[in-house]
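Content type compact mmCIF, C-alpha atoms, from the file structure_5.txt:
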# COMPACT_ATOMS: atom_id res chain seq x y z
CA MET L 1129 9.16 -42.53 -13.60
CA GLU L 1130 6.47 -39.92 -13.18
CA ILE L 1131 5.55 -38.46 -9.80
CA ASN L 1132 2.03 -37.08 -9.72
CA ILE L 1133 1.66 -33.80 -7.77
CA GLN L 1134 -1.39 -31.74 -8.93
CA LYS L 1135 -0.88 -28.72 -6.68
CA ARG L 1136 -1.42 -25.00 -7.05
CA VAL L 1137 1.98 -23.32 -6.94
CA LEU L 1138 0.66 -20.35 -4.95
CA GLU L 1139 -1.16 -22.60 -2.50
CA ALA L 1140 1.01 -21.33 0.40
CA ASN L 1141 -0.11 -17.75 -0.26
CA GLU L 1142 -3.74 -18.85 -0.71
CA THR L 1143 -3.65 -20.63 2.66
CA GLU L 1144 -2.24 -17.49 4.29
CA ALA L 1145 -4.93 -15.41 2.58
CA ASP L 1146 -7.63 -17.66 4.08
CA ILE L 1147 -6.09 -17.15 7.54
CA ASN L 1148 -6.20 -13.37 6.92
CA ARG L 1149 -9.86 -13.54 5.85
CA LYS L 1150 -10.75 -15.33 9.08
CA PHE L 1151 -8.77 -12.81 11.15
CA PHE L 1152 -10.43 -9.83 9.42
CA LYS L 1153 -13.84 -11.39 9.98
CA GLU L 1154 -13.15 -11.86 13.69
CA GLN L 1155 -11.96 -8.25 13.90
CA ASN L 1156 -15.07 -7.16 11.95
CA VAL L 1157 -13.08 -4.94 9.63
CA PHE L 1158 -13.58 -4.41 5.89
CA VAL L 1159 -10.34 -4.72 3.91
CA LEU L 1160 -9.74 -2.92 0.62
CA ASN L 1161 -6.71 -3.78 -1.51
CA MET L 1162 -5.82 -0.71 -3.55
CA MET L 1163 -3.65 -1.22 -6.60
CA SER L 1164 -2.34 0.84 -9.50
CA SER L 1165 0.81 1.67 -11.42
CA PRO L 1166 3.34 3.95 -9.68
CA GLY L 1167 2.39 7.62 -9.60
CA SER L 1168 -1.30 7.29 -10.40
CA GLY L 1169 -2.29 8.98 -7.16
CA LYS L 1170 -3.10 6.24 -4.63
CA THR L 1171 -1.67 8.10 -1.66
CA GLU L 1172 -3.31 11.43 -2.52
CA LEU L 1173 -6.65 9.67 -3.11
CA LEU L 1174 -6.33 7.97 0.26
CA CYS L 1175 -5.33 11.16 2.11
CA LYS L 1176 -8.46 12.91 0.81
CA SER L 1177 -10.69 9.88 1.35
CA LEU L 1178 -9.50 9.37 4.94
CA LYS L 1179 -10.14 13.01 5.82
CA ALA L 1180 -13.71 12.67 4.57
CA LEU L 1181 -14.43 9.26 6.11
CA MET L 1182 -12.96 9.78 9.58
CA PRO L 1183 -13.94 9.87 12.36
CA LYS L 1184 -17.31 8.35 11.37
CA ILE L 1185 -15.51 5.39 9.81
CA ARG L 1186 -12.31 4.44 11.63
CA VAL L 1187 -9.63 3.72 9.05
CA GLY L 1188 -6.21 2.08 9.17
CA VAL L 1189 -3.75 1.84 6.31
CA ILE L 1190 -1.00 -0.63 5.45
CA VAL L 1191 1.30 0.95 2.88
CA GLY L 1192 3.56 -1.15 0.71
CA ASP L 1193 6.61 0.18 -1.07
CA ILE L 1194 9.94 -1.26 -2.03
CA CYS L 1195 11.75 1.59 -0.23
CA THR L 1196 11.00 4.71 1.87
CA ARG L 1197 8.18 5.53 4.28
CA ASN L 1198 7.22 8.70 2.43
CA ASP L 1199 3.65 7.51 1.82
CA ALA L 1200 3.14 6.50 5.45
CA ASP L 1201 4.30 9.96 6.56
CA ARG L 1202 1.79 11.63 4.23
CA LEU L 1203 -1.05 9.39 5.41
CA GLU L 1204 -0.30 9.75 9.12
CA ILE L 1205 -1.12 13.46 8.90
CA THR L 1206 -4.77 12.48 8.39
CA GLY L 1207 -4.82 10.92 11.88
CA ALA L 1208 -5.34 7.39 10.59
CA LYS L 1209 -3.35 4.49 11.99
CA VAL L 1210 -0.67 3.72 9.42
CA THR L 1211 2.01 1.12 9.05
CA GLN L 1212 4.58 0.86 6.28
CA ILE L 1213 5.93 -2.32 4.70
CA ASN L 1214 9.18 -2.03 2.79
CA THR L 1215 9.79 -5.11 0.68
CA ASP L 1216 13.48 -4.48 0.08
CA GLN L 1217 14.11 -6.57 3.18
CA PHE L 1218 12.33 -9.36 1.34
CA GLY L 1219 14.21 -9.01 -1.93
CA GLY L 1220 12.40 -5.91 -3.26
CA ASP L 1221 9.24 -7.80 -4.04
CA CYS L 1222 6.85 -6.20 -6.48
CA HIS L 1223 3.70 -7.11 -4.53
CA LEU L 1224 2.51 -7.68 -0.97
CA SER L 1225 1.98 -11.30 0.01
CA ALA L 1226 -0.69 -12.52 2.40
CA SER L 1227 1.77 -13.35 5.19
CA LEU L 1228 3.21 -9.81 5.21
CA ILE L 1229 -0.30 -8.37 5.48
CA LEU L 1230 -1.24 -10.44 8.52
CA ALA L 1231 1.91 -9.42 10.40
CA SER L 1232 1.27 -5.74 9.61
CA ALA L 1233 -2.44 -5.93 10.44
CA LYS L 1234 -1.60 -7.38 13.85
CA GLU L 1235 1.06 -4.75 14.42
CA LEU L 1236 -1.44 -2.03 13.50
CA GLY L 1237 -4.23 -3.52 15.60
CA CYS L 1238 -7.59 -3.92 13.87
CA PHE L 1239 -9.94 -4.14 16.88
CA ASP L 1240 -10.71 -0.40 16.74
CA LEU L 1241 -10.99 -0.18 12.95
CA ASP L 1242 -13.96 -0.37 10.56
CA LEU L 1243 -11.91 -0.17 7.38
CA LEU L 1244 -8.40 -1.34 6.62
CA ILE L 1245 -6.93 -0.13 3.35
CA VAL L 1246 -3.88 -1.82 1.87
CA GLU L 1247 -2.03 0.52 -0.46
CA ASN L 1248 -0.23 -2.08 -2.54
CA ILE L 1249 3.08 -1.62 -4.32
CA GLY L 1250 2.74 0.41 -7.52
CA ASN L 1251 2.47 -2.22 -10.24
CA LEU L 1252 -0.38 -3.26 -12.57
CA VAL L 1253 0.82 -6.86 -12.95
CA CYS L 1254 1.99 -8.75 -9.90
CA PRO L 1255 -0.35 -7.59 -7.11
CA ALA L 1256 -3.32 -8.82 -9.18
CA GLU L 1257 -2.05 -12.38 -8.82
CA PHE L 1258 -1.75 -12.40 -5.03
CA ASP L 1259 -4.79 -12.81 -2.80
CA ILE L 1260 -4.21 -11.10 0.57
CA GLY L 1261 -7.55 -12.05 2.13
CA GLU L 1262 -9.16 -8.72 1.23
CA ASP L 1263 -12.90 -8.09 0.84
CA ALA L 1264 -12.51 -6.01 -2.31
CA LYS L 1265 -9.86 -4.99 -4.79
CA ALA L 1266 -9.73 -1.46 -6.17
CA VAL L 1267 -7.71 -0.41 -9.21
CA LEU L 1268 -6.75 3.17 -9.88
CA LEU L 1269 -5.92 4.45 -13.36
CA SER L 1270 -4.85 8.04 -13.95
CA VAL L 1271 -5.58 9.94 -17.13
CA THR L 1272 -1.86 10.43 -17.84
CA GLU L 1273 -1.38 6.69 -18.35
CA GLY L 1274 -3.22 5.94 -21.60
CA GLU L 1275 -6.70 4.63 -22.38
CA ASP L 1276 -5.52 1.16 -23.38
CA LYS L 1277 -4.09 0.13 -19.99
CA PRO L 1278 -7.11 -2.07 -19.12
CA LEU L 1279 -6.55 -4.03 -22.34
CA LYS L 1280 -2.80 -4.29 -21.72
CA TYR L 1281 -3.22 -5.43 -18.12
CA PRO L 1282 -6.49 -7.38 -18.28
CA LEU L 1283 -5.96 -9.51 -15.16
CA MET L 1284 -5.80 -6.44 -12.91
CA PHE L 1285 -9.04 -4.98 -14.29
CA ARG L 1286 -10.69 -8.40 -14.38
CA VAL L 1287 -10.05 -9.12 -10.68
CA ALA L 1288 -10.92 -5.57 -9.53
CA ASP L 1289 -14.26 -4.93 -7.80
CA VAL L 1290 -14.11 -1.19 -8.40
CA ALA L 1291 -12.08 1.15 -10.62
CA ILE L 1292 -11.21 4.80 -10.19
CA LEU L 1293 -10.19 7.07 -13.03
CA ASN L 1294 -8.04 9.70 -11.33
CA LYS L 1295 -6.57 13.12 -12.21
CA ILE L 1296 -9.62 14.14 -14.28
CA ASP L 1297 -8.70 17.78 -13.56
CA LEU L 1298 -5.95 17.27 -16.18
CA LEU L 1299 -8.36 16.20 -18.95
CA PRO L 1300 -8.53 19.66 -20.63
CA TYR L 1301 -4.76 19.54 -21.16
CA LEU L 1302 -4.46 16.00 -22.48
CA ASP L 1303 -5.55 13.99 -25.51
CA PHE L 1304 -6.88 11.34 -23.14
CA ASP L 1305 -10.33 10.00 -24.06
CA ALA L 1306 -12.00 9.21 -20.73
CA LYS L 1307 -14.95 7.48 -22.40
CA LEU L 1308 -12.61 5.17 -24.32
CA ALA L 1309 -10.71 4.36 -21.11
CA LYS L 1310 -13.98 3.45 -19.38
CA ASP L 1311 -15.15 1.44 -22.40
CA ASN L 1312 -11.88 -0.50 -22.31
CA MET L 1313 -12.41 -1.25 -18.61
CA LYS L 1314 -15.92 -2.48 -19.41
CA GLN L 1315 -14.58 -4.71 -22.19
CA VAL L 1316 -12.47 -6.55 -19.64
CA HIS L 1317 -14.99 -6.31 -16.81
CA PRO L 1318 -18.47 -5.38 -18.04
CA HIS L 1319 -20.11 -4.68 -14.65
CA LEU L 1320 -17.14 -2.91 -13.05
CA PRO L 1321 -18.20 0.22 -11.17
CA VAL L 1322 -16.01 3.13 -12.32
CA PHE L 1323 -15.68 6.47 -10.50
CA GLU L 1324 -14.14 9.48 -12.22
CA ILE L 1325 -12.40 11.70 -9.71
CA SER L 1326 -9.66 14.19 -9.09
CA ALA L 1327 -7.75 13.45 -5.90
CA LYS L 1328 -6.25 16.94 -6.21
CA THR L 1329 -9.44 19.02 -6.47
CA GLY L 1330 -11.84 16.62 -4.75
CA GLU L 1331 -14.11 16.47 -7.82
CA GLY L 1332 -16.19 13.28 -8.02
CA PHE L 1333 -15.41 12.06 -4.49
CA GLU L 1334 -19.00 11.72 -3.26
CA PRO L 1335 -20.06 8.58 -5.19
CA TRP L 1336 -16.71 6.88 -4.49
CA LEU L 1337 -16.97 7.54 -0.75
CA GLU L 1338 -20.60 6.41 -0.72
CA TRP L 1339 -19.61 3.15 -2.45
CA LEU L 1340 -16.85 2.55 0.08
CA ALA L 1341 -19.00 3.40 3.12
CA MET L 1342 -21.72 1.07 1.84
CA LYS L 1343 -19.23 -1.79 1.44
CA VAL L 1344 -17.94 -1.25 4.99
CA PHE L 1345 -21.52 -1.24 6.29
CA GLU L 1346 -22.51 -4.37 4.36
CA LYS L 1347 -19.72 -6.37 5.98
CA THR L 1348 -19.38 -4.87 9.45
CA GLY L 1349 -22.82 -3.41 10.13
CA LYS L 1350 -20.98 -0.26 11.24
CA MET J 1154 8.66 -9.45 -11.76
CA HIS J 1155 7.29 -11.97 -9.25
CA GLU J 1156 8.39 -15.02 -11.26
CA MET J 1157 11.23 -15.56 -8.78
CA GLY J 1158 8.71 -16.02 -5.96
CA ILE J 1159 6.68 -18.40 -8.11
CA ALA J 1160 9.83 -20.33 -9.09
CA GLN J 1161 10.79 -20.64 -5.41
CA GLN J 1162 7.37 -22.03 -4.48
CA LEU J 1163 7.49 -24.36 -7.45
CA VAL J 1164 10.94 -25.70 -6.55
CA GLN J 1165 9.93 -26.19 -2.92
CA ILE J 1166 6.84 -28.22 -3.89
CA ALA J 1167 8.82 -30.23 -6.46
CA LEU J 1168 11.67 -31.09 -4.07
CA GLU J 1169 9.23 -32.10 -1.32
CA SER J 1170 7.43 -34.40 -3.76
CA ILE J 1171 10.46 -36.55 -4.59
CA PRO J 1172 10.27 -39.75 -2.48
CA LYS J 1173 13.15 -39.92 -0.01
CA GLU J 1174 13.98 -43.52 -0.90
CA ILE J 1175 15.09 -42.55 -4.41
CA GLU J 1176 18.86 -42.28 -4.47
CA ASN J 1177 20.37 -39.38 -6.43
CA PRO J 1178 17.10 -38.39 -8.06
CA LYS J 1179 17.39 -36.54 -11.32
CA VAL J 1180 14.31 -34.74 -12.61
CA GLU J 1181 14.08 -34.48 -16.37
CA LYS J 1182 10.82 -32.65 -16.74
CA VAL J 1183 8.48 -30.58 -14.57
CA ASN J 1184 4.96 -30.54 -16.01
CA LEU J 1185 3.05 -27.34 -15.35
CA ARG J 1186 -0.33 -25.90 -16.28
CA ILE J 1187 -0.38 -22.13 -16.60
CA GLY J 1188 -3.45 -20.14 -17.56
CA LYS J 1189 -3.21 -17.54 -20.30
CA LEU J 1190 -4.40 -14.84 -17.92
CA ALA J 1191 -2.02 -15.78 -15.09
CA ALA J 1192 0.60 -13.10 -14.60
CA VAL J 1193 3.49 -15.40 -15.48
CA VAL J 1194 6.05 -14.83 -18.22
CA GLU J 1195 7.35 -18.21 -19.34
CA HIS J 1196 10.82 -16.92 -20.21
CA SER J 1197 11.24 -15.22 -16.80
CA LEU J 1198 10.00 -18.29 -14.96
CA THR J 1199 12.44 -20.56 -16.82
CA PHE J 1200 15.29 -18.12 -16.15
CA CYS J 1201 14.54 -17.97 -12.40
CA PHE J 1202 14.02 -21.73 -12.22
CA GLU J 1203 17.44 -22.38 -13.78
CA ILE J 1204 19.18 -20.04 -11.33
CA ILE J 1205 17.74 -21.52 -8.16
CA THR J 1206 17.93 -25.21 -9.11
CA LYS J 1207 21.72 -25.38 -9.48
CA GLU J 1208 23.11 -28.36 -7.56
CA THR J 1209 19.65 -29.75 -6.82
CA PRO J 1210 17.84 -32.76 -8.33
CA LEU J 1211 16.07 -30.23 -10.56
CA GLU J 1212 19.25 -28.87 -12.10
CA THR J 1213 18.76 -30.44 -15.51
CA ALA J 1214 14.95 -30.37 -15.45
CA ARG J 1215 13.00 -28.72 -18.23
CA LEU J 1216 9.78 -26.83 -17.56
CA ASN J 1217 7.05 -28.26 -19.75
CA ILE J 1218 4.21 -25.74 -19.74
CA ASP J 1219 0.70 -26.64 -20.82
CA VAL J 1220 -0.99 -23.30 -21.55
CA VAL J 1221 -4.61 -23.26 -20.38
CA PRO J 1222 -7.04 -21.16 -22.46
CA VAL J 1223 -9.28 -18.55 -20.86
CA MET J 1224 -12.75 -20.09 -20.78
CA VAL J 1225 -15.69 -17.95 -19.75
CA HIS J 1226 -19.29 -18.75 -18.84
CA CYS J 1227 -22.16 -16.28 -19.22
CA LYS J 1228 -24.52 -16.46 -16.27
CA SER J 1229 -27.29 -14.78 -18.26
CA CYS J 1230 -27.46 -17.04 -21.35
CA ASP J 1231 -25.50 -20.05 -20.02
CA LYS J 1232 -23.10 -20.12 -22.99
CA THR J 1233 -19.41 -20.96 -22.62
CA TRP J 1234 -16.62 -19.72 -24.90
CA GLU J 1235 -12.90 -19.12 -25.15
CA VAL J 1236 -11.71 -15.56 -24.70
CA ILE J 1237 -8.96 -14.70 -27.17
CA GLY J 1238 -8.51 -10.93 -26.73
CA PRO J 1239 -9.08 -9.17 -23.39
CA VAL J 1240 -12.84 -8.88 -24.00
CA PHE J 1241 -15.13 -10.52 -21.47
CA LYS J 1242 -18.52 -9.32 -22.71
CA CYS J 1243 -20.73 -12.20 -23.81
CA PRO J 1244 -20.62 -12.42 -27.63
CA PHE J 1245 -24.00 -14.22 -27.64
CA CYS J 1246 -26.25 -12.08 -25.47
CA GLU J 1247 -24.02 -9.00 -25.03
CA ASP J 1248 -24.44 -9.20 -21.26
CA GLY J 1249 -21.51 -8.90 -18.94
CA ASP J 1250 -22.44 -11.12 -16.03
CA VAL J 1251 -19.68 -13.62 -16.74
CA GLU J 1252 -17.48 -15.93 -14.71
CA MET J 1253 -14.05 -17.24 -15.60
CA LEU J 1254 -13.86 -21.01 -15.67
CA THR J 1255 -10.19 -21.43 -16.55
CA GLY J 1256 -7.21 -19.29 -17.43
CA ARG J 1257 -5.70 -18.29 -14.08
CA GLU J 1258 -4.04 -21.64 -13.22
CA ILE J 1259 -0.47 -21.84 -11.97
CA GLU J 1260 -0.26 -25.55 -11.19
CA ILE J 1261 2.43 -28.16 -10.90
CA ILE J 1262 1.10 -31.41 -12.34
CA SER J 1263 3.95 -33.90 -12.15
CA LEU J 1264 7.68 -34.58 -12.22
CA GLU J 1265 9.35 -36.93 -14.64
CA LEU J 1266 12.45 -38.60 -13.23
CA ALA J 1267 15.31 -40.20 -15.12
CA GLU J 1268 15.27 -43.98 -14.71
File written out as structure tokens:
Amino acid sequence: MEINIQKRVLEANETEADINRKFFKEQNVFVLNMMSSPGSGKTELLCKSLKALMPKIRVGVIVGDICTRNDADRLEITGAKVTQINTDQFGGDCHLSASLILASAKELGCFDLDLLIVENIGNLVCPAEFDIGEDAKAVLLSVTEGEDKPLKYPLMFRVADVAILNKIDLLPYLDFDAKLAKDNMKQVHPHLPVFEISAKTGEGFEPWLEWLAMKVFEKTGK
Amino acid sequence: MHEMGIAQQLVQIALESIPKEIENPKVEKVNLRIGKLAAVVEHSLTFCFEIITKETPLETARLNIDVVPVMVHCKSCDKTWEVIGPVFKCPFCEDGDVEMLTGREIEIISLELAE
């Protein structure tokens, strides 16, 4: 006997993501889901970006990690509203699910925000699969990781709306070919905007911040 | 990685789909469709599925996975093709304004029960 089902396995998460999208629209806040492998510089990039964006753009951050609130502590110094999710209570999950995001967004309060950034758990695989109701996905790749990462993790670079090549201040000391890395990104996602920056020195920040501010304006009018 | 979460969702949907009037149901096969670009490792999914289905009607069930190819459509020249490597540039017109038609599915299609 065959029982017909025809259902998407992640339907529960997709339904939650739709609820989030509605909530973020009501709150008139732009949501950016920032993803990368561990140690590629998400927190440092955000610290510098927040300092430059605020107070003109009011930013909140949801930080995801398996353990510790180290990243939240670093981000709070910028004056942004920050909340930390630790997934070890949920079995050490490797990604943030839509339901966790809604609970955190409500805890943080979005009514006085223009931009909500979700710093996802460091991982180039799993977070790409889970919609959290965001307006855009950003992927960060650092020059110490290897040029072929976009080809090895194509889903992440395919679903991304913007990519950042970070730690370019290290290029003189490495064999990393930045052009090849960008070409590989464009193989997977031909029209992907890519910004080359150094979160440490601040080099290349202007076009990235302009892109982000424009996205916030396009959605919120703020 | 996240295959455990996927296995849990899968098992929940499967168990809810078995009609209550069937006594001692025993599922032999779970038919799935998984896209080539979905972040799912078949071996990990099977491993997780086996662990969490002990002492359930799914205990002896086998996961039968139909792998869905990555099909892409070029919005510029209207051609459709299957992507083999991770290259999404249109091989016909070289443009990159493409949309994915299939390849990200993680779907449960049906259950096959022992008579």
Close residues, stretch 1295-1304 of chain L itself excluded, 12 Å, all atoms listed in the file, min 2 positions apart in chain, as a VMD selection string: chain L and resid 1167 to 1170 1172 to 1173 1268 to 1277 1292 to 1293 1306 to 1310 1323 to 1333
Residue list for chain J near chain L as a PyMOL selection string, 8 Å, all atoms listed in the file: chain J and resi 1154-1155+1159+1162-1163+1166+1170-1171+1190-1192+1239-1242+1248-1250+1258-1268
Polymer residues at most 6 Å from (-10.2, -16.8, -24.6) by all atoms listed in the file, as an MDAnalysis selection string: chainID J and resid 1222:1224 1235:1237
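Nearest to L:Val1189 of all the residues L:Thr1206, L:Ser1164, L:Asn1148, L:Ser1227 is L:Thr1206, counting only C-alpha atoms.
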Residues near L:Cys1195, cut-off 8 Å, all atoms listed in the file, skip fewer than 6 positions along chain, as a ChimeraX atom specification: /L:1214-1216
Just-selected residues, C-alpha atoms written as a compact mmCIF listing (two decimals), in the frame of the given file:
# COMPACT_ATOMS: atom_id res chain seq x y z
CA ASN L 1214 9.18 -2.03 2.79
CA THR L 1215 9.79 -5.11 0.68
CA ASP L 1216 13.48 -4.48 0.08
Shell of 10 Å around L:Met1162, only C-alpha atoms, local chain residues under 3 positions omitted, as number ranges by chain: L: 1159, 1170-1171, 1174, 1191, 1245-1250, 1255, 1262, 1264-1268, 1288, 1290-1291
Could those selected residues go to a file with C-alpha atoms, as a tab-separated table (two decimals), in the frame of the given file?
chain	number	residue	atom	x	y	z
L	1159	VAL	CA	-10.34	-4.72	3.91
L	1170	LYS	CA	-3.10	6.24	-4.63
L	1171	THR	CA	-1.67	8.10	-1.66
L	1174	LEU	CA	-6.33	7.97	0.26
L	1191	VAL	CA	1.30	0.95	2.88
L	1245	ILE	CA	-6.93	-0.13	3.35
L	1246	VAL	CA	-3.88	-1.82	1.87
L	1247	GLU	CA	-2.03	0.52	-0.46
L	1248	ASN	CA	-0.23	-2.08	-2.54
L	1249	ILE	CA	3.08	-1.62	-4.32
L	1250	GLY	CA	2.74	0.41	-7.52
L	1255	PRO	CA	-0.35	-7.59	-7.11
L	1262	GLU	CA	-9.16	-8.72	1.23
L	1264	ALA	CA	-12.51	-6.01	-2.31
L	1265	LYS	CA	-9.86	-4.99	-4.79
L	1266	ALA	CA	-9.73	-1.46	-6.17
L	1267	VAL	CA	-7.71	-0.41	-9.21
L	1268	LEU	CA	-6.75	3.17	-9.88
L	1288	ALA	CA	-10.92	-5.57	-9.53
L	1290	VAL	CA	-14.11	-1.19	-8.40
L	1291	ALA	CA	-12.08	1.15	-10.62
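Distance-wise, atom CA of L:Ala1180 and atom CA of L:Leu1340 end up 11.5 Å apart.
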Test item: residues at most 8 Å from stretch 1195-1200 of chain J, all atoms listed in the file, excluding those fewer than 4 positions along its chain, as JSON, numbers by chain: {"J": [1156, 1157, 1159, 1160, 1204, 1216]}
Give as a short mmCIF file (atom, residue, chain, number, x, y, z; two decimals) with C-alpha atoms, keeping the file's coordinate frame the set of residues within 7 Å of the point (-25.6, -13.7, -19.3), where distances use the file's coordinates and all atoms listed in the file.
data_model
loop_
_atom_site.label_atom_id
_atom_site.label_comp_id
_atom_site.auth_asym_id
_atom_site.auth_seq_id
_atom_site.Cartn_x
_atom_site.Cartn_y
_atom_site.Cartn_z
CA CYS J 1227 -22.16 -16.28 -19.22
CA LYS J 1228 -24.52 -16.46 -16.27
CA SER J 1229 -27.29 -14.78 -18.26
CA CYS J 1230 -27.46 -17.04 -21.35
CA ASP J 1231 -25.50 -20.05 -20.02
CA CYS J 1243 -20.73 -12.20 -23.81
CA CYS J 1246 -26.25 -12.08 -25.47
CA ASP J 1248 -24.44 -9.20 -21.26
CA GLY J 1249 -21.51 -8.90 -18.94
CA ASP J 1250 -22.44 -11.12 -16.03
CA VAL J 1251 -19.68 -13.62 -16.74
#
Proximity to J:Leu1168 - best of J:Cys1201, J:Trp1234, J:Asn1184, J:Pro1210, all atoms listed in the file: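 The closest residue to J:Leu1168 is J:Pro1210.
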Atomic separation - atom CA of L:Ser1165 relative to atom CA of L:Val1322, Å: 16.9 Å
Atom pair atom CA of J:Ala1167 / atom CA of J:Val1194: separation (Å):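 Taking atom CA of J:Ala1167 and atom CA of J:Val1194, their separation equals 19.6 Å.
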Pick from L:Met1342, L:Val1287, L:Cys1175, L:Ile1185, whichever lies nearest to L:Asp1259 using only C-alpha atoms: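 The answer is L:Val1287, which sits nearest to L:Asp1259.
The closest residue to L:Asn1156, picked from L:Leu1252, L:Leu1244, L:Leu1337, L:Ile1213 and counting only C-alpha atoms, is L:Leu1244.
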Output as a compact mmCIF listing (two decimals), keeping the file's coordinate frame: stretch 1243-1249 of chain J, completed with all heavy atoms.
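Result file is result_11.txt:
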# COMPACT_ATOMS: atom_id res chain seq x y z
N CYS J 1243 -20.21 -11.01 -23.14
CA CYS J 1243 -20.73 -12.20 -23.81
C CYS J 1243 -21.00 -11.91 -25.30
O CYS J 1243 -21.77 -10.99 -25.62
CB CYS J 1243 -22.02 -12.66 -23.13
SG CYS J 1243 -22.72 -14.11 -23.95
N PRO J 1244 -20.39 -12.67 -26.19
CA PRO J 1244 -20.62 -12.42 -27.63
C PRO J 1244 -22.00 -12.90 -28.09
O PRO J 1244 -22.44 -12.56 -29.18
CB PRO J 1244 -19.51 -13.24 -28.31
CG PRO J 1244 -19.15 -14.31 -27.34
CD PRO J 1244 -19.43 -13.77 -25.96
N PHE J 1245 -22.70 -13.67 -27.25
CA PHE J 1245 -24.00 -14.22 -27.64
C PHE J 1245 -25.15 -13.32 -27.22
O PHE J 1245 -26.04 -13.03 -28.00
CB PHE J 1245 -24.17 -15.64 -27.06
CG PHE J 1245 -23.04 -16.56 -27.45
CD1 PHE J 1245 -21.98 -16.80 -26.58
CD2 PHE J 1245 -23.01 -17.15 -28.71
CE1 PHE J 1245 -20.93 -17.63 -26.95
CE2 PHE J 1245 -21.96 -17.99 -29.09
CZ PHE J 1245 -20.92 -18.23 -28.21
N CYS J 1246 -25.12 -12.90 -25.94
CA CYS J 1246 -26.25 -12.08 -25.47
C CYS J 1246 -25.83 -10.67 -25.10
O CYS J 1246 -26.65 -9.87 -24.65
CB CYS J 1246 -26.93 -12.76 -24.29
SG CYS J 1246 -26.00 -12.67 -22.76
N GLU J 1247 -24.52 -10.34 -25.28
CA GLU J 1247 -24.02 -9.00 -25.03
C GLU J 1247 -24.00 -8.62 -23.56
O GLU J 1247 -23.65 -7.50 -23.21
CB GLU J 1247 -24.81 -7.93 -25.82
CG GLU J 1247 -24.80 -8.13 -27.31
CD GLU J 1247 -23.65 -7.39 -27.98
OE1 GLU J 1247 -23.57 -6.16 -27.84
OE2 GLU J 1247 -22.81 -8.07 -28.61
N ASP J 1248 -24.42 -9.55 -22.68
CA ASP J 1248 -24.44 -9.20 -21.26
C ASP J 1248 -23.02 -9.35 -20.70
O ASP J 1248 -22.13 -9.91 -21.33
CB ASP J 1248 -25.41 -10.12 -20.50
CG ASP J 1248 -25.73 -9.54 -19.13
OD1 ASP J 1248 -26.26 -8.41 -19.08
OD2 ASP J 1248 -25.41 -10.19 -18.11
N GLY J 1249 -22.85 -8.86 -19.51
CA GLY J 1249 -21.51 -8.90 -18.94
C GLY J 1249 -21.40 -9.67 -17.65
O GLY J 1249 -20.37 -9.63 -16.98
